[in-house]
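Participant: Hey, dropping final00.cif in here, mmCIF, C-alpha atoms and all ligand atoms:
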data_input
#
loop_
_atom_site.label_atom_id
_atom_site.label_comp_id
_atom_site.auth_asym_id
_atom_site.auth_seq_id
_atom_site.Cartn_x
_atom_site.Cartn_y
_atom_site.Cartn_z
CA MET N 12 -57.72 35.93 33.03
CA SER N 13 -56.08 38.34 35.44
CA LEU N 14 -52.77 39.97 34.56
CA LYS N 15 -51.05 38.04 37.32
CA ASP N 16 -52.18 34.68 35.89
CA MET N 17 -50.85 35.57 32.42
CA PHE N 18 -47.28 35.37 33.64
CA LYS N 19 -47.81 32.31 35.78
CA LYS N 20 -45.75 29.32 34.78
CA ARG N 21 -48.20 26.79 33.39
CA THR N 22 -47.65 23.04 33.61
CA LEU N 23 -48.81 20.95 30.66
CA SER N 24 -51.36 18.22 31.19
CA PRO N 25 -50.34 14.65 30.18
CA GLN N 26 -52.62 14.92 27.12
CA GLU N 27 -50.99 18.16 26.02
CA ILE N 28 -47.53 16.62 26.42
CA LYS N 29 -48.59 13.63 24.29
CA GLN N 30 -50.03 15.95 21.62
CA ALA N 31 -46.83 18.07 21.54
CA GLU N 32 -44.78 14.89 21.18
CA ARG N 33 -46.95 13.74 18.24
CA VAL N 34 -46.53 17.10 16.49
CA ARG N 35 -42.76 17.03 17.02
CA LYS N 36 -42.52 13.46 15.64
CA ALA N 37 -44.59 14.36 12.59
CA LYS N 38 -42.36 17.36 11.92
CA ASP N 39 -39.23 15.22 12.25
CA THR N 40 -40.54 12.70 9.73
CA LEU N 41 -41.18 15.49 7.25
CA LEU N 42 -37.74 16.96 7.80
CA GLU N 43 -36.14 13.57 7.20
CA PHE N 44 -37.72 13.34 3.79
CA GLN N 45 -35.09 14.19 1.22
CA ALA N 46 -36.49 14.87 -2.20
CA PRO N 47 -34.36 13.59 -5.07
CA GLU N 48 -32.64 16.59 -6.60
CA GLY N 49 -33.88 17.90 -9.90
CA LEU N 50 -37.25 16.17 -9.94
CA PHE N 51 -38.88 17.33 -6.70
CA GLN N 52 -38.40 20.18 -4.28
CA LYS N 53 -39.45 20.23 -0.68
CA CYS N 54 -41.71 23.09 0.36
CA ASN N 55 -40.26 25.04 3.30
CA CYS N 56 -43.71 25.77 4.63
CA CYS N 57 -45.78 22.56 4.45
CA GLY N 58 -42.82 20.18 4.06
CA LYS N 59 -44.48 18.34 1.17
CA PRO N 60 -42.47 17.29 -1.86
CA VAL N 61 -43.53 19.29 -4.91
CA TYR N 62 -42.99 18.03 -8.42
CA ASN N 63 -40.76 20.54 -10.25
CA GLU N 64 -42.95 20.70 -13.32
CA ASP N 65 -46.02 21.46 -11.16
CA LEU N 66 -44.06 24.20 -9.44
CA ILE N 67 -43.06 25.87 -12.70
CA GLU N 68 -46.59 25.47 -14.01
CA ASN N 69 -47.88 27.17 -10.85
CA ASP N 70 -45.43 30.13 -11.12
CA TYR N 71 -43.32 28.90 -8.18
CA VAL N 72 -46.18 28.87 -5.69
CA CYS N 73 -46.59 25.63 -3.70
CA PRO N 74 -49.70 23.86 -5.09
CA VAL N 75 -50.36 22.34 -1.65
CA CYS N 76 -50.14 25.28 0.76
CA GLY N 77 -49.67 28.40 -1.40
CA ASN N 78 -46.17 29.15 -0.08
CA TYR N 79 -43.97 31.21 -2.41
CA PHE N 80 -40.72 29.62 -3.54
CA ARG N 81 -37.67 31.80 -4.15
CA ILE N 82 -37.41 32.89 -7.77
CA ARG N 83 -33.91 33.48 -9.11
CA PRO N 84 -33.35 36.60 -11.25
CA LYS N 85 -32.86 34.78 -14.55
CA THR N 86 -36.03 32.75 -13.97
CA ARG N 87 -37.92 35.93 -13.10
CA ILE N 88 -36.79 37.59 -16.32
CA ALA N 89 -37.86 34.54 -18.33
CA MET N 90 -41.26 34.58 -16.59
CA VAL N 91 -41.93 38.28 -17.11
CA LEU N 92 -40.48 39.18 -20.51
CA ASP N 93 -41.36 37.95 -23.98
CA LYS N 94 -39.15 35.11 -25.10
CA ASP N 95 -35.60 36.05 -26.23
CA THR N 96 -36.18 39.81 -25.95
CA PHE N 97 -33.90 40.49 -22.98
CA GLU N 98 -30.77 42.52 -23.60
CA GLU N 99 -28.57 42.82 -20.50
CA TRP N 100 -26.93 46.12 -19.54
CA ASP N 101 -23.73 46.73 -17.53
CA ALA N 102 -23.15 43.02 -16.97
CA LYS N 103 -19.52 43.09 -15.90
CA MET N 104 -19.09 45.86 -13.38
CA ASP N 105 -16.61 45.38 -10.58
CA THR N 106 -16.64 46.97 -7.14
CA SER N 107 -13.69 49.07 -6.03
CA ASP N 108 -13.89 47.54 -2.51
CA PRO N 109 -13.75 51.05 -0.99
CA LEU N 110 -12.93 49.94 2.56
CA ASN N 111 -10.45 47.22 1.60
CA PHE N 112 -12.72 45.04 3.68
CA PRO N 113 -10.93 41.83 4.76
CA GLY N 114 -11.95 38.85 2.62
CA TYR N 115 -14.58 40.83 0.68
CA LYS N 116 -13.10 40.28 -2.79
CA ASN N 117 -12.80 36.53 -2.14
CA LYS N 118 -16.35 36.38 -0.87
CA LEU N 119 -17.58 38.08 -4.05
CA GLU N 120 -15.71 35.55 -6.17
CA ARG N 121 -17.25 32.68 -4.21
CA GLN N 122 -20.72 34.18 -4.54
CA ARG N 123 -20.25 34.56 -8.29
CA SER N 124 -19.38 30.91 -8.75
CA VAL N 125 -22.13 29.63 -6.43
CA THR N 126 -25.00 31.81 -7.71
CA ASN N 127 -23.94 32.11 -11.36
CA LEU N 128 -24.62 35.87 -11.07
CA ASP N 129 -22.15 38.77 -11.46
CA GLU N 130 -23.82 40.89 -8.78
CA ALA N 131 -27.03 41.11 -6.74
CA VAL N 132 -28.96 42.73 -9.59
CA ILE N 133 -29.48 42.14 -13.30
CA THR N 134 -30.62 45.10 -15.39
CA GLY N 135 -31.54 45.49 -19.02
CA LYS N 136 -34.22 46.02 -21.60
CA GLY N 137 -36.86 43.69 -22.97
CA LYS N 138 -40.42 43.45 -24.17
CA ILE N 139 -43.68 42.59 -22.42
CA LEU N 140 -46.47 41.73 -24.87
CA GLY N 141 -44.40 43.47 -27.54
CA LYS N 142 -43.89 46.73 -25.61
CA ASP N 143 -40.39 47.90 -24.63
CA VAL N 144 -39.61 48.03 -20.91
CA VAL N 145 -36.52 48.47 -18.79
CA ILE N 146 -36.21 45.88 -16.04
CA ALA N 147 -34.05 45.36 -12.95
CA VAL N 148 -34.25 42.13 -10.96
CA MET N 149 -32.43 41.62 -7.69
CA GLY N 150 -31.19 38.25 -6.45
CA ALA N 151 -31.44 37.40 -2.76
CA ASP N 152 -28.91 34.59 -3.19
CA PHE N 153 -26.06 36.98 -3.94
CA MET N 154 -24.80 38.49 -0.63
CA MET N 155 -28.44 38.58 0.57
CA GLY N 156 -29.32 40.95 -2.27
CA SER N 157 -27.48 43.74 -0.47
CA MET N 158 -26.83 47.03 -2.24
CA GLY N 159 -23.23 48.05 -2.72
CA GLU N 160 -21.83 50.50 -5.25
CA VAL N 161 -22.29 48.14 -8.22
CA VAL N 162 -25.93 47.36 -7.42
CA GLY N 163 -26.66 51.06 -6.87
CA GLU N 164 -24.86 52.09 -10.04
CA LYS N 165 -26.54 49.46 -12.20
CA ILE N 166 -30.00 50.40 -10.95
CA THR N 167 -29.29 54.14 -11.37
CA ARG N 168 -27.99 53.65 -14.92
CA ALA N 169 -31.01 51.53 -15.82
CA VAL N 170 -33.37 54.20 -14.48
CA GLU N 171 -31.50 57.01 -16.26
CA ARG N 172 -31.51 55.14 -19.56
CA ALA N 173 -35.21 54.43 -19.13
CA THR N 174 -35.76 58.16 -18.59
CA GLN N 175 -33.77 59.04 -21.72
CA MET N 176 -35.56 56.43 -23.80
CA ARG N 177 -38.93 57.41 -22.30
CA LEU N 178 -39.58 53.83 -21.24
CA PRO N 179 -41.21 52.43 -18.10
CA ILE N 180 -38.95 50.67 -15.61
CA ILE N 181 -39.92 47.65 -13.54
CA ILE N 182 -37.77 46.81 -10.52
CA PHE N 183 -38.12 43.54 -8.63
CA THR N 184 -36.55 44.38 -5.30
CA CYS N 185 -35.48 41.88 -2.70
CA SER N 186 -32.64 43.17 -0.64
CA GLY N 187 -31.09 42.56 2.73
CA GLY N 188 -30.26 46.30 2.85
CA ALA N 189 -26.97 48.15 2.52
CA ARG N 190 -23.84 46.08 1.93
CA MET N 191 -21.92 46.51 5.14
CA GLN N 192 -18.59 45.56 3.51
CA GLU N 193 -18.74 48.83 1.57
CA GLY N 194 -19.69 51.06 4.52
CA ILE N 195 -20.87 54.59 3.74
CA VAL N 196 -20.49 54.04 -0.04
CA SER N 197 -23.35 51.55 0.09
CA LEU N 198 -25.53 53.99 2.03
CA MET N 199 -24.92 56.66 -0.65
CA GLN N 200 -26.54 54.37 -3.23
CA MET N 201 -29.90 54.94 -1.60
CA ALA N 202 -29.85 58.69 -2.34
CA LYS N 203 -28.51 58.09 -5.84
CA THR N 204 -31.15 55.56 -6.89
CA SER N 205 -33.96 57.59 -5.29
CA ALA N 206 -32.90 60.75 -7.12
CA ALA N 207 -32.79 58.93 -10.45
CA LEU N 208 -36.22 57.45 -9.82
CA LYS N 209 -37.66 60.85 -8.94
CA ARG N 210 -36.38 62.30 -12.23
CA HIS N 211 -37.88 59.37 -14.08
ZN ZN Q 1 -46.21 24.02 0.62
#
Would you mind writing the file's structure down as structure tokens?
Facilitator:
Amino acid sequence: MSLKDMFKKRTLSPQEIKQAERVRKAKDTLLEFQAPEGLFQKCNCCGKPVYNEDLIENDYVCPVCGNYFRIRPKTRIAMVLDKDTFEEWDAKMDTSDPLNFPGYKNKLERQRSVTNLDEAVITGKGKILGKDVVIAVMGADFMMGSMGEVVGEKITRAVERATQMRLPIIIFTCSGGARMQEGIVSLMQMAKTSAALKRH
């Protein structure tokens, strides 16, 4: 195909139009399917309803198409650590809202009640197959897992304590980046956490 033809506007043949219409209809039918809450979940990728128990059994990977479901921090901790060994660190830490960003404090409150998390990361200590580890798990549901001063501080403290205790640290990161509501303070967290990790 010549370069000129590549940018040519192409008209669809009647068969292609019919095929596109069939695909669109099939997609609509799948979208209309509402799985009853609690028992099934709909896969975002293949659109098939997945039985909750099958999903848990399969470590939150769709048994039909292999798509990964979102894993919330508390679930992740339960999946990774030995049962009842998790001890949370720095649970209640509040941001100083350094920019006095309009509506930020209210948004945080709302996020806390919706996600049942205090911040976008949970840190602490636990055991894997009987061995002590320090763990930090981020939650994408809480302000897109963005890193403000609390997230940065919690991760840094966890890393520093791991260094002191001579323990390995495992961090499950999923973050939308710096928390814009905290401006430059959120960007500073990057240097702080990296420095702590280097020392570790
Ligand atoms: Zn699927």
Participant: Which residue out of N:Gly194, N:Gly137, N:Gly188, N:Pro179 has the minimum interatomic distance to Glu98 of chain N when all atoms listed in the file are used?
Facilitator: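 Nearest candidate to Glu98 of chain N out of N:Gly194, N:Gly137, N:Gly188, N:Pro179: N:Gly137.
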Participant: What gap, in Å, lies between atom CA of Glu99 of chain N and atom CA of Thr134 of chain N?
Facilitator: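 These two atoms are separated by 6.0 Å.
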Participant: Find the distance between atom CA of His211 of chain N and atom CA of Glu130 of chain N and write it in Å to one decimal.
Facilitator: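 Taking atom CA of His211 of chain N as the start and atom CA of Glu130 of chain N as the end point, the length is 23.8 Å.
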Participant: Which value, in Å to one decimal, gives the distance between atom CA of Ala207 of chain N and atom CA of Val145 of chain N?
Facilitator: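 Taking atom CA of Ala207 of chain N as the start and atom CA of Val145 of chain N as the end point, the length is 13.9 Å.
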Participant: Which one is closest to Thr106 of chain N: N:Met201, N:Phe183, N:Asp152, N:Ala131? Count only C-alpha atoms.
Facilitator: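 Looking at the shortest contact to Thr106 of chain N, the residue is N:Ala131.
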Participant: Within 6 Å of ligand ZN 1 (chain Q), counting only C-alpha atoms and all ligand atoms: which residues, as JSON, numbers by chain?
Facilitator: {"N": [54, 56, 57, 59, 73, 75, 76, 77, 78]}
Participant: Between N:Ser13, N:Ser197, N:Thr167, N:Thr86, which residue has the minimum interatomic distance to Asp108 of chain N, considering all atoms listed in the file?
Facilitator: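 Result for the nearest residue to Asp108 of chain N: N:Ser197.
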Participant: With all atoms listed in the file as the basis for distance, which of N:Ile139, N:Val170, N:Leu110, N:Val132 is at the shortest distance from Met90 of chain N?
Facilitator: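 Between N:Ile139, N:Val170, N:Leu110, N:Val132, the residue approaching Met90 of chain N most closely is N:Ile139.
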Participant: Between N:Gly156, N:Leu140, N:Gly187, N:Met176, which is the closest to Arg83 of chain N once you count all atoms listed in the file?
Facilitator: N:Gly156
Participant: May I have the residues within 12 Å of Lys85 of chain N as a VMD selection string, using all atoms listed in the file and disregarding those fewer than 6 positions away in the same chain?
Facilitator: chain N and resid 91 to 92 97 99 126 to 129 131 to 135 146 to 150 183
Participant: When you count all atoms listed in the file, which of these residues is closest to Lys209 of chain N: N:Asn111, N:Thr174, N:Thr184, N:Gln30?
Facilitator: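 The answer is N:Thr174, which sits nearest to Lys209 of chain N.
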Participant: Could you name the residues that touch segment 112-115 of chain N at 12 Å or less, counting only C-alpha atoms, but leaving out those on the same chain fewer than 5 positions away, as a PyMOL selection string?
Facilitator: chain N and resi 106-107+120-122+154+159+190-194
